[in-house]
Each structure stands twice: as C-alpha cells, then as structure tokens.
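Data block for entry-v3.pdb (PDB, C-alpha atoms):
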```pdb
ATOM      1  CA  MET A   1      13.471  -6.824  16.234  1.00  0.00           C
ATOM      2  CA  GLY A   2      15.162  -3.837  14.624  1.00  0.00           C
ATOM      3  CA  GLY A   3      16.808  -0.919  16.332  1.00  0.00           C
ATOM      4  CA  TYR A   4      17.427   2.709  16.134  1.00  0.00           C
ATOM      5  CA  ASP A   5      19.916   4.857  17.900  1.00  0.00           C
ATOM      6  CA  GLU A   6      18.399   7.360  20.332  1.00  0.00           C
ATOM      7  CA  GLU A   7      21.623   9.342  20.154  1.00  0.00           C
ATOM      8  CA  SER A   8      20.961  10.244  16.541  1.00  0.00           C
ATOM      9  CA  GLN A   9      17.767  11.917  17.667  1.00  0.00           C
ATOM     10  CA  SER A  10      19.375  13.949  20.456  1.00  0.00           C
ATOM     11  CA  SER A  11      19.984  17.630  19.963  1.00  0.00           C
ATOM     12  CA  ASP A  12      23.494  17.935  21.450  1.00  0.00           C
ATOM     13  CA  GLY A  13      25.191  16.348  18.408  1.00  0.00           C
ATOM     14  CA  SER A  14      28.096  15.073  20.527  1.00  0.00           C
ATOM     15  CA  THR A  15      27.467  11.359  19.989  1.00  0.00           C
ATOM     16  CA  ALA A  16      29.134   9.009  17.587  1.00  0.00           C
ATOM     17  CA  SER A  17      25.894   8.534  15.668  1.00  0.00           C
ATOM     18  CA  SER A  18      25.836  12.181  14.699  1.00  0.00           C
ATOM     19  CA  ASP A  19      29.241  11.767  13.019  1.00  0.00           C
ATOM     20  CA  SER A  20      27.840   9.564  10.281  1.00  0.00           C
ATOM     21  CA  GLU A  21      25.086  10.847   8.001  1.00  0.00           C
ATOM     22  CA  GLU A  22      24.256   7.328   6.863  1.00  0.00           C
ATOM     23  CA  SER A  23      23.574   6.064  10.372  1.00  0.00           C
ATOM     24  CA  THR A  24      21.557   9.165  11.207  1.00  0.00           C
ATOM     25  CA  ILE A  25      19.465   8.902   8.065  1.00  0.00           C
ATOM     26  CA  ALA A  26      18.979   5.148   8.249  1.00  0.00           C
ATOM     27  CA  SER A  27      18.440   4.866  11.980  1.00  0.00           C
ATOM     28  CA  SER A  28      16.408   7.941  12.871  1.00  0.00           C
ATOM     29  CA  PRO A  29      12.737   7.855  12.002  1.00  0.00           C
ATOM     30  CA  PRO A  30      10.969  10.666  10.197  1.00  0.00           C
ATOM     31  CA  LYS A  31       8.914  12.805  12.541  1.00  0.00           C
ATOM     32  CA  GLY A  32       5.430  11.452  13.099  1.00  0.00           C
ATOM     33  CA  SER A  33       6.288   7.889  12.071  1.00  0.00           C
ATOM     34  CA  LYS A  34       6.437   4.894  14.361  1.00  0.00           C
ATOM     35  CA  ASN A  35       9.442   2.614  14.532  1.00  0.00           C
ATOM     36  CA  VAL A  36       7.929  -0.834  14.148  1.00  0.00           C
ATOM     37  CA  SER A  37       9.168  -4.084  12.726  1.00  0.00           C
ATOM     38  CA  ALA A  38       7.300  -6.115  10.120  1.00  0.00           C
ATOM     39  CA  ASP A  39       5.626  -8.036  12.953  1.00  0.00           C
ATOM     40  CA  GLY A  40       4.222  -4.795  14.339  1.00  0.00           C
ATOM     41  CA  GLU A  41       6.600  -4.866  17.289  1.00  0.00           C
ATOM     42  CA  PRO A  42       8.292  -1.565  18.073  1.00  0.00           C
ATOM     43  CA  LEU A  43      11.992  -1.414  17.249  1.00  0.00           C
ATOM     44  CA  ARG A  44      13.983  -1.502  20.436  1.00  0.00           C
ATOM     45  CA  PRO A  45      15.931   1.645  21.245  1.00  0.00           C
ATOM     46  CA  ILE A  46      19.665   1.357  21.592  1.00  0.00           C
ATOM     47  CA  ALA A  47      21.004   2.978  24.733  1.00  0.00           C
ATOM     48  CA  GLY A  48      23.283   6.020  24.549  1.00  0.00           C
ATOM     49  CA  ASN A  49      26.207   3.850  25.590  1.00  0.00           C
ATOM     50  CA  THR A  50      26.087   0.086  25.293  1.00  0.00           C
ATOM     51  CA  PRO A  51      27.988  -2.049  27.816  1.00  0.00           C
ATOM     52  CA  MET A  52      30.702  -2.769  25.234  1.00  0.00           C
ATOM     53  CA  GLU A  53      31.110   0.948  24.563  1.00  0.00           C
ATOM     54  CA  ILE A  54      31.440   1.654  28.278  1.00  0.00           C
ATOM     55  CA  PHE A  55      34.010  -1.136  28.574  1.00  0.00           C
ATOM     56  CA  ALA A  56      35.938   0.138  25.535  1.00  0.00           C
ATOM     57  CA  GLY A  57      35.817   3.685  26.943  1.00  0.00           C
ATOM     58  CA  GLY A  58      37.153   2.449  30.268  1.00  0.00           C
ATOM     59  CA  ILE A  59      39.995   0.579  28.566  1.00  0.00           C
ATOM     60  CA  ALA A  60      40.750   3.657  26.423  1.00  0.00           C
ATOM     61  CA  GLY A  61      40.829   5.883  29.504  1.00  0.00           C
ATOM     62  CA  ALA A  62      43.062   3.416  31.347  1.00  0.00           C
ATOM     63  CA  SER A  63      45.409   3.158  28.362  1.00  0.00           C
ATOM     64  CA  VAL A  64      45.708   6.939  28.025  1.00  0.00           C
ATOM     65  CA  SER A  65      46.185   7.471  31.753  1.00  0.00           C
ATOM     66  CA  SER A  66      48.781   4.676  32.018  1.00  0.00           C
ATOM     67  CA  ALA A  67      50.625   6.036  28.964  1.00  0.00           C
ATOM     68  CA  VAL A  68      50.655   9.572  30.402  1.00  0.00           C
ATOM     69  CA  ALA A  69      51.808   8.238  33.781  1.00  0.00           C
ATOM     70  CA  ALA A  70      54.613   6.250  32.111  1.00  0.00           C
ATOM     71  CA  MET A  71      55.719   9.306  30.122  1.00  0.00           C
ATOM     72  CA  ILE A  72      55.821  11.414  33.301  1.00  0.00           C
ATOM     73  CA  LEU A  73      57.527   8.830  35.499  1.00  0.00           C
ATOM     74  CA  ASN A  74      60.044   7.510  32.983  1.00  0.00           C
ATOM     75  CA  PRO A  75      60.715  10.081  30.299  1.00  0.00           C
ATOM     76  CA  GLY A  76      62.473   8.579  27.350  1.00  0.00           C
ATOM     77  CA  ASN A  77      62.120   8.486  23.612  1.00  0.00           C
ATOM     78  CA  ILE A  78      60.798   4.936  23.480  1.00  0.00           C
ATOM     79  CA  VAL A  79      58.361   5.654  26.326  1.00  0.00           C
ATOM     80  CA  PHE A  80      57.123   8.789  24.543  1.00  0.00           C
ATOM     81  CA  ALA A  81      56.614   6.827  21.309  1.00  0.00           C
ATOM     82  CA  ALA A  82      54.769   3.983  23.068  1.00  0.00           C
ATOM     83  CA  GLY A  83      52.770   6.453  25.173  1.00  0.00           C
ATOM     84  CA  GLY A  84      51.782   8.460  22.112  1.00  0.00           C
ATOM     85  CA  LEU A  85      50.637   5.321  20.324  1.00  0.00           C
ATOM     86  CA  SER A  86      48.688   4.200  23.404  1.00  0.00           C
ATOM     87  CA  CYS A  87      47.075   7.641  23.647  1.00  0.00           C
ATOM     88  CA  ALA A  88      45.998   7.344  20.002  1.00  0.00           C
ATOM     89  CA  ILE A  89      45.002   3.675  19.891  1.00  0.00           C
ATOM     90  CA  GLY A  90      42.812   3.686  23.052  1.00  0.00           C
ATOM     91  CA  PRO A  91      40.414   6.420  21.866  1.00  0.00           C
ATOM     92  CA  TYR A  92      40.504   4.936  18.352  1.00  0.00           C
ATOM     93  CA  ALA A  93      39.378   1.556  19.756  1.00  0.00           C
ATOM     94  CA  TYR A  94      36.556   3.326  21.618  1.00  0.00           C
ATOM     95  CA  TRP A  95      35.535   5.120  18.412  1.00  0.00           C
ATOM     96  CA  GLN A  96      35.567   1.794  16.527  1.00  0.00           C
ATOM     97  CA  GLN A  97      33.294   0.254  19.172  1.00  0.00           C
ATOM     98  CA  ARG A  98      30.862   3.140  18.679  1.00  0.00           C
ATOM     99  CA  ARG A  99      30.881   2.464  14.925  1.00  0.00           C
ATOM    100  CA  LEU A 100      30.192  -1.245  15.556  1.00  0.00           C
ATOM    101  CA  THR A 101      27.177  -0.309  17.676  1.00  0.00           C
ATOM    102  CA  ASP A 102      25.887   1.843  14.821  1.00  0.00           C
ATOM    103  CA  VAL A 103      26.428  -1.016  12.359  1.00  0.00           C
ATOM    104  CA  VAL A 104      24.442  -3.404  14.578  1.00  0.00           C
ATOM    105  CA  ALA A 105      21.613  -0.854  14.794  1.00  0.00           C
ATOM    106  CA  LEU A 106      21.658  -0.431  11.016  1.00  0.00           C
ATOM    107  CA  GLN A 107      21.609  -4.207  10.511  1.00  0.00           C
ATOM    108  CA  GLU A 108      18.596  -4.582  12.801  1.00  0.00           C
ATOM    109  CA  THR A 109      16.839  -1.717  11.046  1.00  0.00           C
ATOM    110  CA  HIS A 110      17.693  -3.240   7.657  1.00  0.00           C
ATOM    111  CA  LYS A 111      16.279  -6.583   8.781  1.00  0.00           C
ATOM    112  CA  ALA A 112      13.055  -4.914   9.942  1.00  0.00           C
ATOM    113  CA  LEU A 113      12.796  -3.011   6.653  1.00  0.00           C
ATOM    114  CA  SER A 114      13.407  -6.202   4.668  1.00  0.00           C
ATOM    115  CA  GLU A 115      10.634  -7.962   6.581  1.00  0.00           C
ATOM    116  CA  GLN A 116       8.298  -5.035   5.913  1.00  0.00           C
ATOM    117  CA  ILE A 117       9.226  -5.075   2.218  1.00  0.00           C
ATOM    118  CA  ASP A 118       8.475  -8.807   2.060  1.00  0.00           C
ATOM    119  CA  ARG A 119       5.133  -8.296   3.832  1.00  0.00           C
ATOM    120  CA  LEU A 120       4.237  -5.390   1.561  1.00  0.00           C
ATOM    121  CA  GLY A 121       5.232  -7.486  -1.463  1.00  0.00           C
ATOM    122  CA  ARG A 122       2.832 -10.222  -0.351  1.00  0.00           C
ATOM    123  CA  GLU A 123       0.115  -7.607   0.207  1.00  0.00           C
ATOM    124  CA  ASN A 124       0.826  -6.182  -3.233  1.00  0.00           C
ATOM    125  CA  ALA A 125       0.477  -9.635  -4.820  1.00  0.00           C
ATOM    126  CA  ARG A 126      -2.778 -10.228  -2.929  1.00  0.00           C
ATOM    127  CA  LEU A 127      -4.107  -6.842  -4.031  1.00  0.00           C
ATOM    128  CA  HIS A 128      -3.045  -7.598  -7.610  1.00  0.00           C
ATOM    129  CA  ASP A 129      -5.039 -10.844  -7.507  1.00  0.00           C
ATOM    130  CA  THR A 130      -8.013  -8.971  -6.060  1.00  0.00           C
ATOM    131  CA  VAL A 131      -7.790  -6.375  -8.835  1.00  0.00           C
ATOM    132  CA  ASN A 132      -7.723  -9.167 -11.428  1.00  0.00           C
ATOM    133  CA  ASP A 133     -10.785 -10.785  -9.825  1.00  0.00           C
ATOM    134  CA  LEU A 134     -12.562  -7.445  -9.795  1.00  0.00           C
ATOM    135  CA  SER A 135     -11.634  -6.877 -13.434  1.00  0.00           C
ATOM    136  CA  ASP A 136     -13.195 -10.232 -14.325  1.00  0.00           C
ATOM    137  CA  THR A 137     -16.295  -9.301 -12.326  1.00  0.00           C
ATOM    138  CA  VAL A 138     -16.492  -5.940 -14.084  1.00  0.00           C
ATOM    139  CA  ASP A 139     -16.208  -7.682 -17.460  1.00  0.00           C
ATOM    140  CA  ARG A 140     -19.054 -10.031 -16.531  1.00  0.00           C
ATOM    141  CA  LEU A 141     -21.152  -7.116 -15.320  1.00  0.00           C
ATOM    142  CA  GLU A 142     -20.521  -5.284 -18.596  1.00  0.00           C
ATOM    143  CA  ASP A 143     -21.730  -8.372 -20.486  1.00  0.00           C
ATOM    144  CA  VAL A 144     -24.866  -8.470 -18.316  1.00  0.00           C
ATOM    145  CA  GLU A 145     -25.387  -4.759 -18.910  1.00  0.00           C
ATOM    146  CA  GLN A 146     -25.127  -5.250 -22.660  1.00  0.00           C
ATOM    147  CA  ALA A 147     -27.591  -8.160 -22.510  1.00  0.00           C
ATOM    148  CA  LEU A 148     -30.015  -6.043 -20.506  1.00  0.00           C
ATOM    149  CA  ASP A 149     -29.628  -3.198 -23.008  1.00  0.00           C
ATOM    150  CA  VAL A 150     -30.468  -5.592 -25.858  1.00  0.00           C
ATOM    151  CA  ILE A 151     -33.499  -6.928 -23.970  1.00  0.00           C
ATOM    152  CA  THR A 152     -34.656  -3.399 -23.179  1.00  0.00           C
ATOM    153  CA  GLN A 153     -34.287  -2.357 -26.817  1.00  0.00           C
ATOM    154  CA  GLN A 154     -36.186  -5.436 -27.971  1.00  0.00           C
ATOM    155  CA  GLN A 155     -38.907  -4.775 -25.433  1.00  0.00           C
ATOM    156  CA  GLY A 156     -39.096  -1.193 -26.631  1.00  0.00           C
ATOM    157  CA  GLN A 157     -39.380  -2.402 -30.212  1.00  0.00           C
ATOM    158  CA  SER A 158     -41.937  -5.029 -29.173  1.00  0.00           C
ATOM    159  CA  ILE A 159     -44.029  -2.390 -27.412  1.00  0.00           C
ATOM    160  CA  GLU A 160     -43.865  -0.142 -30.462  1.00  0.00           C
ATOM    161  CA  ALA A 161     -44.869  -3.070 -32.724  1.00  0.00           C
ATOM    162  CA  PHE A 162     -47.681  -3.975 -30.320  1.00  0.00           C
ATOM    163  CA  GLU A 163     -48.939  -0.364 -30.343  1.00  0.00           C
ATOM    164  CA  GLU A 164     -48.896  -0.410 -34.157  1.00  0.00           C
ATOM    165  CA  GLN A 165     -50.841  -3.667 -34.187  1.00  0.00           C
ATOM    166  CA  VAL A 166     -53.395  -2.256 -31.745  1.00  0.00           C
ATOM    167  CA  ALA A 167     -53.809   0.815 -33.950  1.00  0.00           C
ATOM    168  CA  ASP A 168     -54.186  -1.404 -37.037  1.00  0.00           C
ATOM    169  CA  ASN A 169     -56.700  -3.615 -35.240  1.00  0.00           C
ATOM    170  CA  ARG A 170     -58.628  -0.537 -34.112  1.00  0.00           C
ATOM    171  CA  SER A 171     -58.845   0.763 -37.678  1.00  0.00           C
ATOM    172  CA  ILE A 172     -59.855  -2.704 -38.944  1.00  0.00           C
ATOM    173  CA  LEU A 173     -62.482  -2.918 -36.185  1.00  0.00           C
ATOM    174  CA  ASN A 174     -63.802   0.504 -37.172  1.00  0.00           C
ATOM    175  CA  GLN A 175     -63.961  -0.622 -40.802  1.00  0.00           C
ATOM    176  CA  MET A 176     -65.723  -3.833 -39.763  1.00  0.00           C
ATOM    177  CA  GLN A 177     -68.245  -1.857 -37.722  1.00  0.00           C
ATOM    178  CA  GLY A 178     -68.813   0.367 -40.727  1.00  0.00           C
ATOM    179  CA  SER A 179     -69.271  -2.686 -42.940  1.00  0.00           C
ATOM    180  CA  LEU A 180     -71.628  -4.235 -40.416  1.00  0.00           C
ATOM    181  CA  LYS A 181     -73.770  -1.113 -40.351  1.00  0.00           C
ATOM    182  CA  ALA A 182     -73.773  -1.048 -44.120  1.00  0.00           C
ATOM    183  CA  ASN A 183     -74.795  -4.741 -44.245  1.00  0.00           C
ATOM    184  CA  VAL A 184     -77.584  -4.162 -41.692  1.00  0.00           C
ATOM    185  CA  LEU A 185     -78.849  -1.179 -43.668  1.00  0.00           C
ATOM    186  CA  GLN A 186     -78.657  -3.154 -46.872  1.00  0.00           C
ATOM    187  CA  ASN A 187     -80.562  -6.057 -45.301  1.00  0.00           C
ATOM    188  CA  LEU A 188     -83.198  -3.655 -43.964  1.00  0.00           C
ATOM    189  CA  LEU A 189     -83.495  -2.026 -47.323  1.00  0.00           C
ATOM    190  CA  HIS A 190     -83.650  -5.397 -48.974  1.00  0.00           C
ATOM    191  CA  VAL A 191     -86.464  -6.505 -46.594  1.00  0.00           C
ATOM    192  CA  VAL A 192     -88.376  -3.257 -47.085  1.00  0.00           C
ATOM    193  CA  ILE A 193     -88.078  -3.399 -50.821  1.00  0.00           C
ATOM    194  CA  ARG A 194     -89.454  -6.921 -51.015  1.00  0.00           C
TER     195      ARG A 194
END
```

Rewrite the structure of this file - the entire thing - as structure tokens.
Amino acid sequence: MGGYDEESQSSDGSTASSDSEESTIASSPPKGSKNVSADGEPLRPIAGNTPMEIFAGGIAGASVSSAVAAMILNPGNIVFAAGGLSCAIGPYAYWQQRRLTDVVALQETHKALSEQIDRLGRENARLHDTVNDLSDTVDRLEDVEQALDVITQQQGQSIEAFEEQVADNRSILNQMQGSLKANVLQNLLHVVIR
C-alpha cells in the first residue's frame, strides 16, 4: 500500500511535486520498472489534487478574494496590512497542504520499500542457507570423488599386478612344459637304454 505522485511524472512541471527533487526522486519510478509493494500489489497513484488540496485551494482563493475585496471597499492601513497577510497566508497554506500530500506519498513509498527490503532480507537469508547446504554437498561429493580416485588407482595397480602375475605364470608354465618334455625324453632314453 505505497504511493507515488503522478504529478511528478507529468511533463508540464507546474505541480508542487516538481518543486522538490527529493519527492520527485523518491516517488517517481525509473522507466521500465513497476511500482509494486512488497506484497506484489501495485502502489496506488495519488491524484493530481487530493480532496484536502482542493479544499485548501478553495480556502486560499476565498481568503485572497475576501482580502482584496476588503482592501477595495474599505481602504485603510490596517485593512491593507490584514489583506496583505491574508493574501500571503492563504496560498502558503495551500502550498503546505501540497507538501503534506507529498510527505504522505513518500511515507507510503518508504513503507513499501521497507517491506520489500525485509522480504529481500529473508530471501537473502534463505539463499545463504541454501548456499551453505550446497557447499556441504559439494564437500561430500569431493570426498566421494577422492574415494573413487583411490579405488580407481588401486584397481589400476591391481590390474597391473595381475598382468605381471599372468606373465610370470606363463613363463613358469613354459618352463614347466620344457621340463616335462625333458623328463619325457629322459624317460624314453632311459627305457631305450635299458
């Protein structure tokens, strides 16, 4: 439930909102952005003239016109002094009412921004927790990767050792076959010689 002043976005520059840089900067949105509160509700626009501003303008106009009429109908020093003050105070009261409208719009915008900051802070905390959880998961995955690397290296070493044993067994088998042939020949020779 924040607000922004449509007058600060108008191009004529004749409104009270264009008099104050702070209200223009704080209450006008950057181009392309949406004016939404933390709840996702759009900020309500503030009319060019609120009912209180219209009332204050009417009173200011009545005070100036009555002061001018009094100065014309009853010219006198005291009447001129009172009329001059009335002519100054009426428009000043109207100007003050315009400022109050801008302050209300700024307060609503500030409230909406505060709610968004709170929501973003909660999101930031949630994302921080998620990052911590992911960091823990990454650490566990790195441990698993290291364990798999060790297993793979051991398997590689085991395969190499197995290949060496097969080669050794093959050479032993060849030697045994050679010995067997030699024994058979020796037995044959032994039988023939006897």

Worksheet item: So which residues touch region 63-73 of chain A within 9 Å, counting only C-alpha atoms, skipping near sequence neighbours fewer than 5 positions away, as a list in words?
Response: Gly58, Val79, Phe80, Ala82, Gly83, Gly84, Leu85, Ser86, Cys87, Ala88, Ile89, Gly90 and Pro91 of chain A

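Pairwise distance (CA of Glu142 (chain A), CA of Glu160 (chain A)) equals 26.7 Å.
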
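CA of Arg126 (chain A) to CA of Lys111 (chain A) spans 22.7 Å [interatomic distance, one decimal].
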
Discussion item. As an exercise, work out the distance from CA of Gln175 (chain A) to CA of Arg194 (chain A) in Å and give it to one decimal place.
Written reply: 28.2 Å

Discussion item. So that I can check the surroundings of Trp95 (chain A), please list as a PyMOL selection string every protein, DNA and RNA residue that reaches within 9 Å of it, counting only C-alpha atoms and ignoring chain neighbours fewer than 4 positions away.
Written reply: chain A and resi 16+53+56-57+90-91+99-100

Centre and edge lengths, as AutoDock Vina command-line options, for the axis-aligned box enclosing every listed atom of region 166-183 of chain A with 6 Å of padding on each of the six sides, in Å to one decimal?
```
--center_x -64.1 --center_y -2.0 --center_z -38.0 --size_x 33.4 --size_y 17.6 --size_z 24.5
```

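The residue that comes closest to Gly48 (chain A), out of A:Thr101, A:Leu173, A:Leu127, A:Glu163 and on the basis of all atoms listed in the file, is A:Thr101.
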